[in-house]
>>> print(open('run00.cif').read())   # mmCIF, N, CA, C and O atoms
data_entry
#
loop_
_atom_site.group_PDB
_atom_site.id
_atom_site.type_symbol
_atom_site.label_atom_id
_atom_site.label_comp_id
_atom_site.auth_asym_id
_atom_site.auth_seq_id
_atom_site.Cartn_x
_atom_site.Cartn_y
_atom_site.Cartn_z
ATOM 1 N N MET A 1 117.291 93.519 119.718
ATOM 2 C CA MET A 1 116.479 93.943 118.601
ATOM 3 C C MET A 1 116.310 95.461 118.654
ATOM 4 O O MET A 1 115.976 96.025 119.674
ATOM 5 N N SER A 2 116.546 96.120 117.532
ATOM 6 C CA SER A 2 116.448 97.580 117.521
ATOM 7 C C SER A 2 115.023 98.028 117.218
ATOM 8 O O SER A 2 114.264 97.334 116.565
ATOM 9 N N LYS A 3 114.691 99.193 117.717
ATOM 10 C CA LYS A 3 113.364 99.747 117.509
ATOM 11 C C LYS A 3 113.307 100.399 116.120
ATOM 12 O O LYS A 3 114.221 101.099 115.713
ATOM 13 N N ILE A 4 112.218 100.165 115.407
ATOM 14 C CA ILE A 4 112.052 100.718 114.067
ATOM 15 C C ILE A 4 111.545 102.152 114.176
ATOM 16 O O ILE A 4 110.581 102.429 114.887
ATOM 17 N N ASP A 5 112.182 103.069 113.461
ATOM 18 C CA ASP A 5 111.775 104.466 113.456
ATOM 19 C C ASP A 5 110.864 104.713 112.254
ATOM 20 O O ASP A 5 111.312 105.091 111.167
ATOM 21 N N TYR A 6 109.558 104.472 112.445
ATOM 22 C CA TYR A 6 108.588 104.624 111.365
ATOM 23 C C TYR A 6 108.505 106.069 110.886
ATOM 24 O O TYR A 6 108.272 106.328 109.712
ATOM 25 N N TYR A 7 108.688 107.017 111.797
ATOM 26 C CA TYR A 7 108.628 108.425 111.415
ATOM 27 C C TYR A 7 109.731 108.769 110.420
ATOM 28 O O TYR A 7 109.488 109.472 109.442
ATOM 29 N N GLN A 8 110.931 108.275 110.655
ATOM 30 C CA GLN A 8 112.041 108.565 109.743
ATOM 31 C C GLN A 8 111.821 107.884 108.394
ATOM 32 O O GLN A 8 112.077 108.465 107.344
ATOM 33 N N ILE A 9 111.317 106.664 108.421
ATOM 34 C CA ILE A 9 111.023 105.946 107.179
ATOM 35 C C ILE A 9 109.960 106.701 106.385
ATOM 36 O O ILE A 9 110.092 106.887 105.173
ATOM 37 N N ALA A 10 108.906 107.165 107.072
ATOM 38 C CA ALA A 10 107.840 107.921 106.412
ATOM 39 C C ALA A 10 108.366 109.245 105.858
ATOM 40 O O ALA A 10 108.027 109.637 104.737
ATOM 41 N N LEU A 11 109.219 109.925 106.605
ATOM 42 C CA LEU A 11 109.779 111.188 106.141
ATOM 43 C C LEU A 11 110.670 110.978 104.921
ATOM 44 O O LEU A 11 110.614 111.752 103.959
ATOM 45 N N ASP A 12 111.468 109.930 104.928
ATOM 46 C CA ASP A 12 112.315 109.619 103.772
ATOM 47 C C ASP A 12 111.466 109.354 102.527
ATOM 48 O O ASP A 12 111.773 109.840 101.439
ATOM 49 N N LYS A 13 110.379 108.602 102.690
ATOM 50 C CA LYS A 13 109.489 108.311 101.559
ATOM 51 C C LYS A 13 108.794 109.587 101.093
ATOM 52 O O LYS A 13 108.648 109.815 99.888
ATOM 53 N N ALA A 14 108.360 110.434 102.038
ATOM 54 C CA ALA A 14 107.717 111.695 101.678
ATOM 55 C C ALA A 14 108.669 112.563 100.849
ATOM 56 O O ALA A 14 108.268 113.117 99.823
ATOM 57 N N LYS A 15 109.906 112.656 101.272
ATOM 58 C CA LYS A 15 110.893 113.455 100.531
ATOM 59 C C LYS A 15 111.131 112.874 99.148
ATOM 60 O O LYS A 15 111.279 113.611 98.174
ATOM 61 N N GLU A 16 111.146 111.555 99.057
ATOM 62 C CA GLU A 16 111.309 110.881 97.762
ATOM 63 C C GLU A 16 110.151 111.236 96.817
ATOM 64 O O GLU A 16 110.340 111.365 95.611
ATOM 65 N N LEU A 17 108.957 111.408 97.376
ATOM 66 C CA LEU A 17 107.772 111.738 96.581
ATOM 67 C C LEU A 17 107.574 113.249 96.396
ATOM 68 O O LEU A 17 106.609 113.676 95.778
ATOM 69 N N GLY A 18 108.477 114.061 96.973
ATOM 70 C CA GLY A 18 108.410 115.506 96.785
ATOM 71 C C GLY A 18 107.696 116.271 97.877
ATOM 72 O O GLY A 18 107.312 117.429 97.677
ATOM 73 N N TYR A 19 107.507 115.671 99.045
ATOM 74 C CA TYR A 19 106.843 116.322 100.180
ATOM 75 C C TYR A 19 107.848 116.529 101.296
ATOM 76 O O TYR A 19 108.877 115.863 101.357
ATOM 77 N N ASP A 20 107.541 117.438 102.230
ATOM 78 C CA ASP A 20 108.507 117.720 103.289
ATOM 79 C C ASP A 20 107.980 117.514 104.708
ATOM 80 O O ASP A 20 108.717 117.688 105.666
ATOM 81 N N THR A 21 106.704 117.144 104.845
ATOM 82 C CA THR A 21 106.114 117.021 106.175
ATOM 83 C C THR A 21 105.280 115.752 106.277
ATOM 84 O O THR A 21 104.635 115.359 105.308
ATOM 85 N N ILE A 22 105.304 115.136 107.468
ATOM 86 C CA ILE A 22 104.468 113.961 107.720
ATOM 87 C C ILE A 22 103.679 114.177 109.004
ATOM 88 O O ILE A 22 104.110 114.918 109.886
ATOM 89 N N ARG A 23 102.541 113.528 109.066
ATOM 90 C CA ARG A 23 101.750 113.496 110.307
ATOM 91 C C ARG A 23 101.235 112.077 110.484
ATOM 92 O O ARG A 23 100.696 111.480 109.547
ATOM 93 N N TYR A 24 101.390 111.549 111.674
ATOM 94 C CA TYR A 24 100.903 110.208 111.982
ATOM 95 C C TYR A 24 99.383 110.202 111.974
ATOM 96 O O TYR A 24 98.749 111.111 112.509
ATOM 97 N N CYS A 25 98.794 109.178 111.348
ATOM 98 C CA CYS A 25 97.332 109.058 111.295
ATOM 99 C C CYS A 25 96.816 107.961 112.217
ATOM 100 O O CYS A 25 95.829 108.156 112.906
ATOM 101 N N GLY A 26 97.452 106.824 112.205
ATOM 102 C CA GLY A 26 96.962 105.718 113.008
ATOM 103 C C GLY A 26 97.543 104.399 112.534
ATOM 104 O O GLY A 26 98.434 104.360 111.698
ATOM 105 N N GLU A 27 97.005 103.328 113.093
ATOM 106 C CA GLU A 27 97.486 101.992 112.776
ATOM 107 C C GLU A 27 96.291 101.071 112.580
ATOM 108 O O GLU A 27 95.305 101.151 113.320
ATOM 109 N N ARG A 28 96.384 100.204 111.575
ATOM 110 C CA ARG A 28 95.334 99.231 111.310
ATOM 111 C C ARG A 28 95.959 98.007 110.657
ATOM 112 O O ARG A 28 96.729 98.129 109.708
ATOM 113 N N ASN A 29 95.621 96.841 111.181
ATOM 114 C CA ASN A 29 96.095 95.559 110.639
ATOM 115 C C ASN A 29 97.616 95.506 110.473
ATOM 116 O O ASN A 29 98.129 94.977 109.497
ATOM 117 N N GLY A 30 98.334 96.103 111.410
ATOM 118 C CA GLY A 30 99.793 96.063 111.372
ATOM 119 C C GLY A 30 100.433 97.122 110.487
ATOM 120 O O GLY A 30 101.655 97.194 110.399
ATOM 121 N N TRP A 31 99.656 97.927 109.814
ATOM 122 C CA TRP A 31 100.165 99.007 108.961
ATOM 123 C C TRP A 31 100.091 100.319 109.723
ATOM 124 O O TRP A 31 99.120 100.605 110.393
ATOM 125 N N LYS A 32 101.114 101.141 109.587
ATOM 126 C CA LYS A 32 101.118 102.485 110.174
ATOM 127 C C LYS A 32 100.863 103.478 109.039
ATOM 128 O O LYS A 32 101.480 103.396 107.983
ATOM 129 N N TYR A 33 99.945 104.416 109.284
ATOM 130 C CA TYR A 33 99.504 105.368 108.268
ATOM 131 C C TYR A 33 100.041 106.760 108.575
ATOM 132 O O TYR A 33 100.011 107.202 109.724
ATOM 133 N N PHE A 34 100.502 107.454 107.529
ATOM 134 C CA PHE A 34 101.030 108.808 107.663
ATOM 135 C C PHE A 34 100.489 109.688 106.551
ATOM 136 O O PHE A 34 100.450 109.285 105.388
ATOM 137 N N ASN A 35 100.080 110.897 106.913
ATOM 138 C CA ASN A 35 99.687 111.918 105.946
ATOM 139 C C ASN A 35 100.966 112.631 105.520
ATOM 140 O O ASN A 35 101.768 113.027 106.366
ATOM 141 N N ILE A 36 101.183 112.777 104.223
ATOM 142 C CA ILE A 36 102.371 113.477 103.723
ATOM 143 C C ILE A 36 101.912 114.710 102.942
ATOM 144 O O ILE A 36 100.922 114.664 102.225
ATOM 145 N N PHE A 37 102.618 115.821 103.133
ATOM 146 C CA PHE A 37 102.253 117.062 102.452
ATOM 147 C C PHE A 37 103.411 118.045 102.532
ATOM 148 O O PHE A 37 104.403 117.797 103.219
ATOM 149 N N ASN A 38 103.294 119.138 101.800
ATOM 150 C CA ASN A 38 104.275 120.217 101.881
ATOM 151 C C ASN A 38 103.804 121.219 102.920
ATOM 152 O O ASN A 38 102.639 121.634 102.923
ATOM 153 N N TRP A 39 104.695 121.622 103.796
ATOM 154 C CA TRP A 39 104.359 122.499 104.916
ATOM 155 C C TRP A 39 103.714 123.802 104.439
ATOM 156 O O TRP A 39 102.774 124.299 105.047
ATOM 157 N N ILE A 40 104.184 124.318 103.350
ATOM 158 C CA ILE A 40 103.670 125.594 102.854
ATOM 159 C C ILE A 40 102.192 125.511 102.465
ATOM 160 O O ILE A 40 101.490 126.511 102.475
ATOM 161 N N THR A 41 101.690 124.302 102.168
ATOM 162 C CA THR A 41 100.287 124.150 101.762
ATOM 163 C C THR A 41 99.376 123.741 102.910
ATOM 164 O O THR A 41 98.189 123.500 102.680
ATOM 165 N N ARG A 42 99.869 123.679 104.125
ATOM 166 C CA ARG A 42 99.045 123.269 105.264
ATOM 167 C C ARG A 42 97.843 124.202 105.397
ATOM 168 O O ARG A 42 97.941 125.400 105.181
ATOM 169 N N GLY A 43 96.708 123.607 105.686
ATOM 170 C CA GLY A 43 95.502 124.388 105.858
ATOM 171 C C GLY A 43 94.762 124.707 104.568
ATOM 172 O O GLY A 43 93.674 125.256 104.605
ATOM 173 N N HIS A 44 95.342 124.381 103.432
ATOM 174 C CA HIS A 44 94.693 124.628 102.147
ATOM 175 C C HIS A 44 94.021 123.348 101.659
ATOM 176 O O HIS A 44 94.559 122.259 101.814
ATOM 177 N N LYS A 45 92.870 123.474 101.057
ATOM 178 C CA LYS A 45 92.155 122.328 100.501
ATOM 179 C C LYS A 45 92.656 122.079 99.085
ATOM 180 O O LYS A 45 92.398 122.874 98.186
ATOM 181 N N LEU A 46 93.381 120.989 98.905
ATOM 182 C CA LEU A 46 93.981 120.683 97.603
ATOM 183 C C LEU A 46 93.545 119.315 97.098
ATOM 184 O O LEU A 46 94.305 118.606 96.459
ATOM 185 N N GLY A 47 92.314 118.918 97.380
ATOM 186 C CA GLY A 47 91.844 117.591 96.986
ATOM 187 C C GLY A 47 92.070 116.596 98.111
ATOM 188 O O GLY A 47 92.277 116.974 99.268
ATOM 189 N N LEU A 48 92.043 115.318 97.774
ATOM 190 C CA LEU A 48 92.269 114.291 98.790
ATOM 191 C C LEU A 48 93.706 114.340 99.287
ATOM 192 O O LEU A 48 94.628 114.528 98.490
ATOM 193 N N PRO A 49 93.907 114.158 100.579
ATOM 194 C CA PRO A 49 95.261 114.140 101.127
ATOM 195 C C PRO A 49 96.043 112.928 100.618
ATOM 196 O O PRO A 49 95.463 111.923 100.216
ATOM 197 N N HIS A 50 97.347 113.032 100.647
ATOM 198 C CA HIS A 50 98.207 111.915 100.283
ATOM 199 C C HIS A 50 98.576 111.160 101.552
ATOM 200 O O HIS A 50 99.082 111.746 102.511
ATOM 201 N N ILE A 51 98.302 109.873 101.534
ATOM 202 C CA ILE A 51 98.545 109.013 102.690
ATOM 203 C C ILE A 51 99.437 107.864 102.256
ATOM 204 O O ILE A 51 99.216 107.258 101.210
ATOM 205 N N ILE A 52 100.457 107.571 103.070
ATOM 206 C CA ILE A 52 101.253 106.370 102.844
ATOM 207 C C ILE A 52 101.026 105.424 104.016
ATOM 208 O O ILE A 52 100.680 105.858 105.115
ATOM 209 N N LYS A 53 101.212 104.135 103.752
ATOM 210 C CA LYS A 53 101.152 103.166 104.835
ATOM 211 C C LYS A 53 102.416 102.328 104.790
ATOM 212 O O LYS A 53 102.944 102.029 103.721
ATOM 213 N N ILE A 54 102.893 101.982 105.983
ATOM 214 C CA ILE A 54 104.143 101.244 106.137
ATOM 215 C C ILE A 54 103.844 99.949 106.868
ATOM 216 O O ILE A 54 103.212 99.967 107.932
ATOM 217 N N SER A 55 104.308 98.833 106.318
ATOM 218 C CA SER A 55 104.081 97.535 106.954
ATOM 219 C C SER A 55 104.902 97.426 108.230
ATOM 220 O O SER A 55 105.874 98.164 108.434
ATOM 221 N N ALA A 56 104.529 96.496 109.081
ATOM 222 C CA ALA A 56 105.196 96.319 110.375
ATOM 223 C C ALA A 56 106.685 96.000 110.216
ATOM 224 O O ALA A 56 107.501 96.424 111.034
ATOM 225 N N ASP A 57 107.045 95.289 109.154
ATOM 226 C CA ASP A 57 108.452 94.941 108.936
ATOM 227 C C ASP A 57 109.188 95.960 108.060
ATOM 228 O O ASP A 57 110.362 95.799 107.758
ATOM 229 N N CYS A 58 108.482 97.004 107.645
ATOM 230 C CA CYS A 58 109.015 98.106 106.828
ATOM 231 C C CYS A 58 109.452 97.677 105.434
ATOM 232 O O CYS A 58 110.167 98.402 104.762
ATOM 233 N N LYS A 59 109.032 96.513 104.992
ATOM 234 C CA LYS A 59 109.401 96.056 103.653
ATOM 235 C C LYS A 59 108.468 96.617 102.589
ATOM 236 O O LYS A 59 108.823 96.635 101.422
ATOM 237 N N SER A 60 107.293 97.073 102.989
ATOM 238 C CA SER A 60 106.339 97.647 102.043
ATOM 239 C C SER A 60 105.938 99.046 102.491
ATOM 240 O O SER A 60 105.552 99.255 103.636
ATOM 241 N N ILE A 61 106.049 99.989 101.564
ATOM 242 C CA ILE A 61 105.581 101.356 101.784
ATOM 243 C C ILE A 61 104.703 101.693 100.585
ATOM 244 O O ILE A 61 105.166 101.671 99.451
ATOM 245 N N ILE A 62 103.436 101.982 100.851
ATOM 246 C CA ILE A 62 102.464 102.145 99.774
ATOM 247 C C ILE A 62 101.795 103.505 99.862
ATOM 248 O O ILE A 62 101.353 103.918 100.935
ATOM 249 N N LEU A 63 101.721 104.190 98.712
ATOM 250 C CA LEU A 63 100.923 105.405 98.606
ATOM 251 C C LEU A 63 99.498 104.957 98.323
ATOM 252 O O LEU A 63 99.216 104.328 97.310
ATOM 253 N N ILE A 64 98.593 105.266 99.229
ATOM 254 C CA ILE A 64 97.221 104.768 99.151
ATOM 255 C C ILE A 64 96.458 105.474 98.031
ATOM 256 O O ILE A 64 96.526 106.697 97.908
ATOM 257 N N GLN A 65 95.710 104.688 97.264
ATOM 258 C CA GLN A 65 94.882 105.213 96.191
ATOM 259 C C GLN A 65 93.391 105.077 96.495
ATOM 260 O O GLN A 65 92.578 105.800 95.938
ATOM 261 N N GLU A 66 93.039 104.129 97.364
ATOM 262 C CA GLU A 66 91.636 103.850 97.643
ATOM 263 C C GLU A 66 91.031 104.934 98.535
ATOM 264 O O GLU A 66 91.500 105.196 99.638
ATOM 265 N N ARG A 67 89.956 105.540 98.052
ATOM 266 C CA ARG A 67 89.321 106.670 98.741
ATOM 267 C C ARG A 67 88.866 106.325 100.163
ATOM 268 O O ARG A 67 89.087 107.094 101.096
ATOM 269 N N SER A 68 88.257 105.153 100.350
ATOM 270 C CA SER A 68 87.750 104.797 101.680
ATOM 271 C C SER A 68 88.889 104.639 102.684
ATOM 272 O O SER A 68 88.752 105.003 103.851
ATOM 273 N N GLU A 69 90.013 104.136 102.243
ATOM 274 C CA GLU A 69 91.165 103.977 103.134
ATOM 275 C C GLU A 69 91.774 105.341 103.478
ATOM 276 O O GLU A 69 92.189 105.574 104.615
ATOM 277 N N ILE A 70 91.797 106.252 102.511
ATOM 278 C CA ILE A 70 92.285 107.612 102.766
ATOM 279 C C ILE A 70 91.398 108.302 103.790
ATOM 280 O O ILE A 70 91.880 108.912 104.751
ATOM 281 N N LEU A 71 90.082 108.177 103.601
ATOM 282 C CA LEU A 71 89.145 108.819 104.531
ATOM 283 C C LEU A 71 89.246 108.223 105.935
ATOM 284 O O LEU A 71 89.152 108.947 106.932
ATOM 285 N N TRP A 72 89.468 106.905 106.031
ATOM 286 C CA TRP A 72 89.669 106.275 107.344
ATOM 287 C C TRP A 72 90.893 106.877 108.022
ATOM 288 O O TRP A 72 90.853 107.235 109.204
ATOM 289 N N ALA A 73 92.001 106.993 107.286
ATOM 290 C CA ALA A 73 93.245 107.515 107.855
ATOM 291 C C ALA A 73 93.080 108.960 108.328
ATOM 292 O O ALA A 73 93.542 109.328 109.415
ATOM 293 N N ILE A 74 92.382 109.778 107.550
ATOM 294 C CA ILE A 74 92.170 111.165 107.942
ATOM 295 C C ILE A 74 91.309 111.261 109.187
ATOM 296 O O ILE A 74 91.556 112.070 110.076
ATOM 297 N N MET A 75 90.286 110.407 109.280
ATOM 298 C CA MET A 75 89.436 110.392 110.479
ATOM 299 C C MET A 75 90.271 109.998 111.705
ATOM 300 O O MET A 75 90.119 110.587 112.783
ATOM 301 N N GLN A 76 91.156 109.025 111.548
ATOM 302 C CA GLN A 76 92.018 108.619 112.658
ATOM 303 C C GLN A 76 92.948 109.745 113.065
ATOM 304 O O GLN A 76 93.199 109.963 114.249
ATOM 305 N N LYS A 77 93.463 110.489 112.080
ATOM 306 C CA LYS A 77 94.340 111.622 112.376
ATOM 307 C C LYS A 77 93.587 112.658 113.210
ATOM 308 O O LYS A 77 94.116 113.194 114.185
ATOM 309 N N LYS A 78 92.331 112.917 112.865
ATOM 310 C CA LYS A 78 91.523 113.876 113.624
ATOM 311 C C LYS A 78 91.262 113.385 115.041
ATOM 312 O O LYS A 78 91.285 114.152 115.999
ATOM 313 N N LEU A 79 91.033 112.073 115.182
ATOM 314 C CA LEU A 79 90.792 111.500 116.517
ATOM 315 C C LEU A 79 92.032 111.589 117.391
ATOM 316 O O LEU A 79 91.932 111.743 118.598
ATOM 317 N N HIS A 80 93.214 111.472 116.787
ATOM 318 C CA HIS A 80 94.477 111.566 117.537
ATOM 319 C C HIS A 80 94.865 113.003 117.822
ATOM 320 O O HIS A 80 95.785 113.254 118.578
ATOM 321 N N GLY A 81 94.196 113.944 117.167
ATOM 322 C CA GLY A 81 94.486 115.359 117.396
ATOM 323 C C GLY A 81 95.728 115.854 116.694
ATOM 324 O O GLY A 81 96.311 116.845 117.074
ATOM 325 N N SER A 82 96.146 115.182 115.634
ATOM 326 C CA SER A 82 97.337 115.621 114.886
ATOM 327 C C SER A 82 96.995 116.690 113.901
ATOM 328 O O SER A 82 95.980 116.746 113.304
#
>>> encode(input="run00.cif", output="structure tokens")
Amino acid sequence: MSKIDYYQIALDKAKELGYDTIRYCGERNGWKYFNIFNWITRGHKLGLPHIIKISADCKSIILIQERSEILWAIMQKKLHGS
């Protein structure tokens, strides 16, 4: 069984959506969360961050719309030191 490269999957989805950088946020209920953004805008406040989540089997990749889930992912990113 081969290991799934979630980072590459997240980067491919980010590029598809027009972003060039990803940062791992955390994992919850089998979903892996990634912050996606353009490197040139790092450190700038541009509203709520864009977060995608990837299912364990990689069949679902979702751009999160729910504010509470976005805030959870950002808090996890801060706890991980990313």
>>> atom_distance(input="run00.cif", atom1="CA of Gln65 (chain A)", atom2="CA of Lys3 (chain A)")
28.7 Å
>>> closest_residue(input="run00.cif", among="A:Asp5, A:Trp31, A:Phe37, A:Leu71", to="Ile54 (chain A)", atoms="all atoms listed in the file")
A:Trp31
>>> resolve_selection(input="run00.cif", expression="the PyMOL selection byres ((chain A and resi 73) around 8)", output="CSV table (one decimal) with N, CA, C and O atoms, keeping the file's coordinate frame")
chain,number,residue,atom,x,y,z
A,23,ARG,N,102.5,113.5,109.1
A,23,ARG,CA,101.8,113.5,110.3
A,23,ARG,C,101.2,112.1,110.5
A,23,ARG,O,100.7,111.5,109.5
A,24,TYR,N,101.4,111.5,111.7
A,24,TYR,CA,100.9,110.2,112.0
A,24,TYR,C,99.4,110.2,112.0
A,24,TYR,O,98.7,111.1,112.5
A,25,CYS,N,98.8,109.2,111.3
A,25,CYS,CA,97.3,109.1,111.3
A,25,CYS,C,96.8,108.0,112.2
A,25,CYS,O,95.8,108.2,112.9
A,26,GLY,N,97.5,106.8,112.2
A,26,GLY,CA,97.0,105.7,113.0
A,26,GLY,C,97.5,104.4,112.5
A,26,GLY,O,98.4,104.4,111.7
A,27,GLU,N,97.0,103.3,113.1
A,27,GLU,CA,97.5,102.0,112.8
A,27,GLU,C,96.3,101.1,112.6
A,27,GLU,O,95.3,101.2,113.3
A,33,TYR,N,99.9,104.4,109.3
A,33,TYR,CA,99.5,105.4,108.3
A,33,TYR,C,100.0,106.8,108.6
A,33,TYR,O,100.0,107.2,109.7
A,34,PHE,N,100.5,107.5,107.5
A,34,PHE,CA,101.0,108.8,107.7
A,34,PHE,C,100.5,109.7,106.6
A,34,PHE,O,100.4,109.3,105.4
A,35,ASN,N,100.1,110.9,106.9
A,35,ASN,CA,99.7,111.9,105.9
A,35,ASN,C,101.0,112.6,105.5
A,35,ASN,O,101.8,113.0,106.4
A,51,ILE,N,98.3,109.9,101.5
A,51,ILE,CA,98.5,109.0,102.7
A,51,ILE,C,99.4,107.9,102.3
A,51,ILE,O,99.2,107.3,101.2
A,66,GLU,N,93.0,104.1,97.4
A,66,GLU,CA,91.6,103.8,97.6
A,66,GLU,C,91.0,104.9,98.5
A,66,GLU,O,91.5,105.2,99.6
A,67,ARG,N,90.0,105.5,98.1
A,67,ARG,CA,89.3,106.7,98.7
A,67,ARG,C,88.9,106.3,100.2
A,67,ARG,O,89.1,107.1,101.1
A,68,SER,N,88.3,105.2,100.4
A,68,SER,CA,87.8,104.8,101.7
A,68,SER,C,88.9,104.6,102.7
A,68,SER,O,88.8,105.0,103.9
A,69,GLU,N,90.0,104.1,102.2
A,69,GLU,CA,91.2,104.0,103.1
A,69,GLU,C,91.8,105.3,103.5
A,69,GLU,O,92.2,105.6,104.6
A,70,ILE,N,91.8,106.3,102.5
A,70,ILE,CA,92.3,107.6,102.8
A,70,ILE,C,91.4,108.3,103.8
A,70,ILE,O,91.9,108.9,104.8
A,71,LEU,N,90.1,108.2,103.6
A,71,LEU,CA,89.1,108.8,104.5
A,71,LEU,C,89.2,108.2,105.9
A,71,LEU,O,89.2,108.9,106.9
A,72,TRP,N,89.5,106.9,106.0
A,72,TRP,CA,89.7,106.3,107.3
A,72,TRP,C,90.9,106.9,108.0
A,72,TRP,O,90.9,107.2,109.2
A,74,ILE,N,92.4,109.8,107.6
A,74,ILE,CA,92.2,111.2,107.9
A,74,ILE,C,91.3,111.3,109.2
A,74,ILE,O,91.6,112.1,110.1
A,75,MET,N,90.3,110.4,109.3
A,75,MET,CA,89.4,110.4,110.5
A,75,MET,C,90.3,110.0,111.7
A,75,MET,O,90.1,110.6,112.8
A,76,GLN,N,91.2,109.0,111.5
A,76,GLN,CA,92.0,108.6,112.7
A,76,GLN,C,92.9,109.7,113.1
A,76,GLN,O,93.2,110.0,114.2
A,77,LYS,N,93.5,110.5,112.1
A,77,LYS,CA,94.3,111.6,112.4
A,77,LYS,C,93.6,112.7,113.2
A,77,LYS,O,94.1,113.2,114.2
A,78,LYS,N,92.3,112.9,112.9
A,78,LYS,CA,91.5,113.9,113.6
A,78,LYS,C,91.3,113.4,115.0
A,78,LYS,O,91.3,114.2,116.0
A,79,LEU,N,91.0,112.1,115.2
A,79,LEU,CA,90.8,111.5,116.5
A,79,LEU,C,92.0,111.6,117.4
A,79,LEU,O,91.9,111.7,118.6
A,80,HIS,N,93.2,111.5,116.8
A,80,HIS,CA,94.5,111.6,117.5
A,80,HIS,C,94.9,113.0,117.8
A,80,HIS,O,95.8,113.3,118.6
>>> residues_near_point(input="run00.cif", point="(106.4, 96.6, 108.2)", cutoff="9 Å", atoms="only C-alpha atoms", output="list in words")
Tyr6, Gly30, Trp31, Lys32, Ile54, Ser55, Ala56, Asp57, Cys58, Lys59, Ser60 and Ile61 of chain A
>>> select_by_dssp(input="run00.cif", residues="region 5-47 of chain A", states="strand (DSSP E)", output="ChimeraX atom specification")
/A:21-28,31-37
>>> closest_residue(input="run00.cif", among="A:Ile64, A:Thr21, A:Gly81, A:Ile4", to="Trp39 (chain A)", atoms="all atoms listed in the file")
A:Thr21
>>> atom_distance(input="run00.cif", atom1="CA of Arg42 (chain A)", atom2="CA of Ile9 (chain A)")
21.1 Å
>>> atom_distance(input="run00.cif", atom1="CA of Ile40 (chain A)", atom2="CA of Glu16 (chain A)")
17.3 Å
>>> axis_aligned_box(input="run00.cif", around="region 69-82 of chain A", padding_each_side="6 Å", output="AutoDock Vina command-line options")
--center_x 93.2 --center_y 110.4 --center_z 110.4 --size_x 20.2 --size_y 24.9 --size_z 28.4
>>> closest_residue(input="run00.cif", among="A:Leu63, A:Ile36, A:Asn29, A:Tyr7", to="His50 (chain A)", atoms="only N, CA, C and O atoms")
A:Ile36
>>> closest_residue(input="run00.cif", among="A:Ile62, A:Gln8, A:Gly18, A:Lys13", to="Asn38 (chain A)", atoms="only C-alpha atoms")
A:Gly18
